[in-house]
Amino acid sequence: MAETSDFKAEPPEGIDALGASSEGASLYEQIREDIIEGRLAANERLVVTDLARRHGTSTNPVREALQLLRGEGFVTFVPNRGARVRPIDQDFVRDIYEIGVLIEPALTRWFVGMATEEDIAELERLQGLIEENNFADTFRHSELDTAFHTVMYQRHYNRHAAELWWKHREVLRAVSRRFNFTLARRAAIIREHRELIAFVKSGEADKAAELIARHVEGSGRHVLEHMRARSAARAG
C-alpha cells in the first residue's frame, strides 16, 4: 500500500482549494486547527496584530486567512468589534451537512446520466484502495473518500454548486478528524459506496441520488453523535 504522503485528494478542476497565497493558506490551516481543537475559544476575539505576532508573520496574510475562515463559517465579523471565533457546535455541523443533503443528490443524479466507463473504473479503483486501507490510516481514508466523491462531481456544469460542495466537505473533514469511526459507520460507508457504484453502472439516477442523501446524512449524524457524547462526558 502506498504511504499516506503519496496520495492527496484535490478539488474539482477549476476550483481553487483556498484561493489564497501560500502564506495565507498556511495560516488559514493553522488558525482553523486551533479553532477546531479549542486552542482558540468560542467567541474569542481574533486580533490581527496578535495573531501576526504569534505566527511570526505580517498582518496581510492574517487578514487573508481570517477572510477564508469567515467564508467557511469558522470566524464571524461584527461591525466595530472585529473578528471572533464561531462556536464549532452541533448547530454548525448540522447546518453544514444538511446543505450537503440538498446539493449532493442533484450532483449525483447528473453524474449517473453522463458517467463513462473510465469514471466507473476510477470509482472502483478508489473503492478498492479504501477497502485495502480498511480505516487503518484515517487520514488516508479521508483523502481517498474525498477523491471518490470528487470523481462524481468534478465535471458538473454548475461550478458554484461543486465549489460549495468542496468547501463544505473540507469543513466537515476538518471537524470529523477529532473522532474515530464506529464499526457500524465503517460498514455503512463500504456498503453504501458499493451500492452507489452499482447504481451508476445500471444508470439508476434516482436510486443513486436517494442513496447519496442517506450517505451524507449518515456521515453528519455520526459526527453529531460523537459531539453529543463528548459534551455529555464533559458535563458529567
# chains A, B, ... in the order shown; residues from 1 in each chain; ligands from 1
$ residues_around --residues "A:Leu40" --least-positions-apart "5" --cutoff "12 Å" --atoms "only C-alpha atoms" --output "list in words"
Gln30, Ile31, Arg32, Glu33, Asp34, Ile35, Arg45, Leu46, Val47, Leu51, Phe74, Val75, Arg84, Val85, Arg86, Pro87 and Ile88 of chain A
$ residues_around --residues "stretch 94-99 of chain A" --least-positions-apart "2" --cutoff "7 Å" --atoms "only C-alpha atoms" --output "ChimeraX atom specification"
/A:90-92,101-103,168,216-217,220
$ write_last_selection --atoms "all heavy atoms" --output "PDB file, in the first residue's frame"
ATOM      1  N   GLN A  90     -22.879  21.782  17.658  1.00  0.00           N
ATOM      2  CA  GLN A  90     -23.720  20.852  16.912  1.00  0.00           C
ATOM      3  C   GLN A  90     -24.550  21.565  15.849  1.00  0.00           C
ATOM      4  O   GLN A  90     -24.791  21.011  14.764  1.00  0.00           O
ATOM      5  CB  GLN A  90     -24.615  20.088  17.885  1.00  0.00           C
ATOM      6  CG  GLN A  90     -23.826  19.184  18.828  1.00  0.00           C
ATOM      7  CD  GLN A  90     -24.701  18.522  19.864  1.00  0.00           C
ATOM      8  OE1 GLN A  90     -25.837  18.152  19.586  1.00  0.00           O
ATOM      9  NE2 GLN A  90     -24.178  18.352  21.076  1.00  0.00           N
ATOM     10  N   ASP A  91     -24.988  22.774  16.120  1.00  0.00           N
ATOM     11  CA  ASP A  91     -25.754  23.517  15.121  1.00  0.00           C
ATOM     12  C   ASP A  91     -24.914  23.794  13.882  1.00  0.00           C
ATOM     13  O   ASP A  91     -25.407  23.708  12.745  1.00  0.00           O
ATOM     14  CB  ASP A  91     -26.250  24.843  15.711  1.00  0.00           C
ATOM     15  CG  ASP A  91     -27.378  24.655  16.723  1.00  0.00           C
ATOM     16  OD1 ASP A  91     -27.965  23.554  16.754  1.00  0.00           O
ATOM     17  OD2 ASP A  91     -27.657  25.598  17.480  1.00  0.00           O
ATOM     18  N   PHE A  92     -23.650  24.134  14.086  1.00  0.00           N
ATOM     19  CA  PHE A  92     -22.743  24.401  12.979  1.00  0.00           C
ATOM     20  C   PHE A  92     -22.608  23.177  12.092  1.00  0.00           C
ATOM     21  O   PHE A  92     -22.746  23.252  10.864  1.00  0.00           O
ATOM     22  CB  PHE A  92     -21.384  24.812  13.542  1.00  0.00           C
ATOM     23  CG  PHE A  92     -20.321  25.069  12.505  1.00  0.00           C
ATOM     24  CD1 PHE A  92     -20.284  26.261  11.808  1.00  0.00           C
ATOM     25  CD2 PHE A  92     -19.349  24.114  12.248  1.00  0.00           C
ATOM     26  CE1 PHE A  92     -19.289  26.498  10.861  1.00  0.00           C
ATOM     27  CE2 PHE A  92     -18.358  24.345  11.309  1.00  0.00           C
ATOM     28  CZ  PHE A  92     -18.330  25.537  10.610  1.00  0.00           C
ATOM     29  N   VAL A 101     -26.868  17.396   2.061  1.00  0.00           N
ATOM     30  CA  VAL A 101     -28.001  16.525   1.758  1.00  0.00           C
ATOM     31  C   VAL A 101     -28.847  17.105   0.628  1.00  0.00           C
ATOM     32  O   VAL A 101     -29.442  16.366  -0.170  1.00  0.00           O
ATOM     33  CB  VAL A 101     -28.861  16.294   3.021  1.00  0.00           C
ATOM     34  CG1 VAL A 101     -30.160  15.580   2.674  1.00  0.00           C
ATOM     35  CG2 VAL A 101     -28.082  15.474   4.044  1.00  0.00           C
ATOM     36  N   LEU A 102     -28.895  18.425   0.533  1.00  0.00           N
ATOM     37  CA  LEU A 102     -29.658  19.074  -0.528  1.00  0.00           C
ATOM     38  C   LEU A 102     -28.894  19.108  -1.853  1.00  0.00           C
ATOM     39  O   LEU A 102     -29.474  18.903  -2.920  1.00  0.00           O
ATOM     40  CB  LEU A 102     -30.012  20.507  -0.113  1.00  0.00           C
ATOM     41  CG  LEU A 102     -30.972  20.659   1.073  1.00  0.00           C
ATOM     42  CD1 LEU A 102     -31.074  22.128   1.465  1.00  0.00           C
ATOM     43  CD2 LEU A 102     -32.348  20.097   0.739  1.00  0.00           C
ATOM     44  N   ILE A 103     -27.597  19.369  -1.797  1.00  0.00           N
ATOM     45  CA  ILE A 103     -26.805  19.564  -3.006  1.00  0.00           C
ATOM     46  C   ILE A 103     -26.371  18.252  -3.662  1.00  0.00           C
ATOM     47  O   ILE A 103     -26.513  18.067  -4.883  1.00  0.00           O
ATOM     48  CB  ILE A 103     -25.556  20.410  -2.697  1.00  0.00           C
ATOM     49  CG1 ILE A 103     -25.945  21.841  -2.360  1.00  0.00           C
ATOM     50  CG2 ILE A 103     -24.581  20.397  -3.883  1.00  0.00           C
ATOM     51  CD1 ILE A 103     -24.766  22.690  -1.950  1.00  0.00           C
ATOM     52  N   HIS A 168     -17.636  22.850   1.847  1.00  0.00           N
ATOM     53  CA  HIS A 168     -18.325  22.250   2.990  1.00  0.00           C
ATOM     54  C   HIS A 168     -17.741  20.885   3.332  1.00  0.00           C
ATOM     55  O   HIS A 168     -17.661  20.512   4.506  1.00  0.00           O
ATOM     56  CB  HIS A 168     -19.817  22.142   2.706  1.00  0.00           C
ATOM     57  CG  HIS A 168     -20.526  23.442   2.852  1.00  0.00           C
ATOM     58  ND1 HIS A 168     -21.898  23.555   2.843  1.00  0.00           N
ATOM     59  CD2 HIS A 168     -20.060  24.704   3.026  1.00  0.00           C
ATOM     60  CE1 HIS A 168     -22.241  24.820   3.004  1.00  0.00           C
ATOM     61  NE2 HIS A 168     -21.144  25.534   3.111  1.00  0.00           N
ATOM     62  N   VAL A 216     -24.729  11.030   3.059  1.00  0.00           N
ATOM     63  CA  VAL A 216     -24.282  12.311   3.614  1.00  0.00           C
ATOM     64  C   VAL A 216     -24.897  12.542   4.991  1.00  0.00           C
ATOM     65  O   VAL A 216     -24.212  12.976   5.929  1.00  0.00           O
ATOM     66  CB  VAL A 216     -24.646  13.466   2.658  1.00  0.00           C
ATOM     67  CG1 VAL A 216     -24.299  14.814   3.283  1.00  0.00           C
ATOM     68  CG2 VAL A 216     -23.930  13.298   1.318  1.00  0.00           C
ATOM     69  N   GLU A 217     -26.177  12.252   5.112  1.00  0.00           N
ATOM     70  CA  GLU A 217     -26.829  12.434   6.413  1.00  0.00           C
ATOM     71  C   GLU A 217     -26.215  11.512   7.457  1.00  0.00           C
ATOM     72  O   GLU A 217     -26.020  11.908   8.615  1.00  0.00           O
ATOM     73  CB  GLU A 217     -28.324  12.173   6.304  1.00  0.00           C
ATOM     74  CG  GLU A 217     -29.062  12.446   7.604  1.00  0.00           C
ATOM     75  CD  GLU A 217     -30.563  12.486   7.442  1.00  0.00           C
ATOM     76  OE1 GLU A 217     -31.067  12.068   6.383  1.00  0.00           O
ATOM     77  OE2 GLU A 217     -31.236  12.953   8.382  1.00  0.00           O
ATOM     78  N   GLY A 220     -22.996  13.032   8.649  1.00  0.00           N
ATOM     79  CA  GLY A 220     -23.242  14.170   9.530  1.00  0.00           C
ATOM     80  C   GLY A 220     -23.725  13.739  10.897  1.00  0.00           C
ATOM     81  O   GLY A 220     -23.257  14.256  11.930  1.00  0.00           O
TER      82      GLY A 220
END
$ residues_around --residues "A:Leu129" --least-positions-apart "4" --cutoff "10 Å" --atoms "only C-alpha atoms" --output "number ranges by chain"
A: 1-2, 123-125, 133-134, 140-141, 144-145
$ write_last_selection --atoms "N, CA and C atoms" --output "compact mmCIF listing (two decimals), in the first residue's frame"
# COMPACT_ATOMS: atom_id res chain seq x y z
N MET A 1 0.84 -1.20 0.00
CA MET A 1 0.00 0.00 0.00
C MET A 1 0.88 1.25 0.00
N ALA A 2 0.50 2.23 -0.78
CA ALA A 2 1.26 3.47 -0.82
C ALA A 2 1.18 4.19 0.51
N LEU A 123 -13.94 4.97 -9.88
CA LEU A 123 -14.67 4.75 -8.62
C LEU A 123 -14.30 3.40 -8.02
N GLU A 124 -14.25 2.38 -8.86
CA GLU A 124 -13.91 1.05 -8.36
C GLU A 124 -12.48 0.98 -7.87
N ARG A 125 -11.57 1.67 -8.57
CA ARG A 125 -10.17 1.69 -8.13
C ARG A 125 -10.04 2.35 -6.75
N ASN A 133 -7.17 -0.11 2.65
CA ASN A 133 -6.75 0.64 3.84
C ASN A 133 -7.56 0.23 5.07
N ASN A 134 -8.86 -0.02 4.85
CA ASN A 134 -9.77 -0.52 5.91
C ASN A 134 -9.71 0.33 7.18
N ARG A 140 -5.56 8.82 5.45
CA ARG A 140 -5.60 8.26 4.09
C ARG A 140 -7.04 7.94 3.68
N HIS A 141 -7.81 7.40 4.61
CA HIS A 141 -9.22 7.12 4.29
C HIS A 141 -9.94 8.41 3.89
N LEU A 144 -8.92 9.42 0.35
CA LEU A 144 -9.48 8.53 -0.66
C LEU A 144 -10.99 8.71 -0.79
N ASP A 145 -11.66 8.87 0.33
CA ASP A 145 -13.11 9.04 0.32
C ASP A 145 -13.48 10.34 -0.40
$ closest_residue --among "A:Val78, A:Ala136, A:Leu172, A:Ile212" --to "A:Ile36" --atoms "only C-alpha atoms"
A:Leu172
$ closest_residue --among "A:Val93, A:Ala161, A:Ile120, A:Leu196" --to "A:Gly73" --atoms "only C-alpha atoms"
A:Val93
$ residues_around --residues "A:Thr108" --least-positions-apart "5" --cutoff "9 Å" --atoms "only C-alpha atoms" --output "list in words"
Ile103, Gly113, Met152, Tyr153, Ala205, Asp206, Ala208, Ala209 and Ile212 of chain A
$ select_by_dssp --residues "stretch 2-164 of chain A" --states "helix (DSSP H, G or I)" --output "PyMOL selection string"
chain A and resi 4-6+22-36+48-55+59-72+90-114+117-133+138-153+159-164
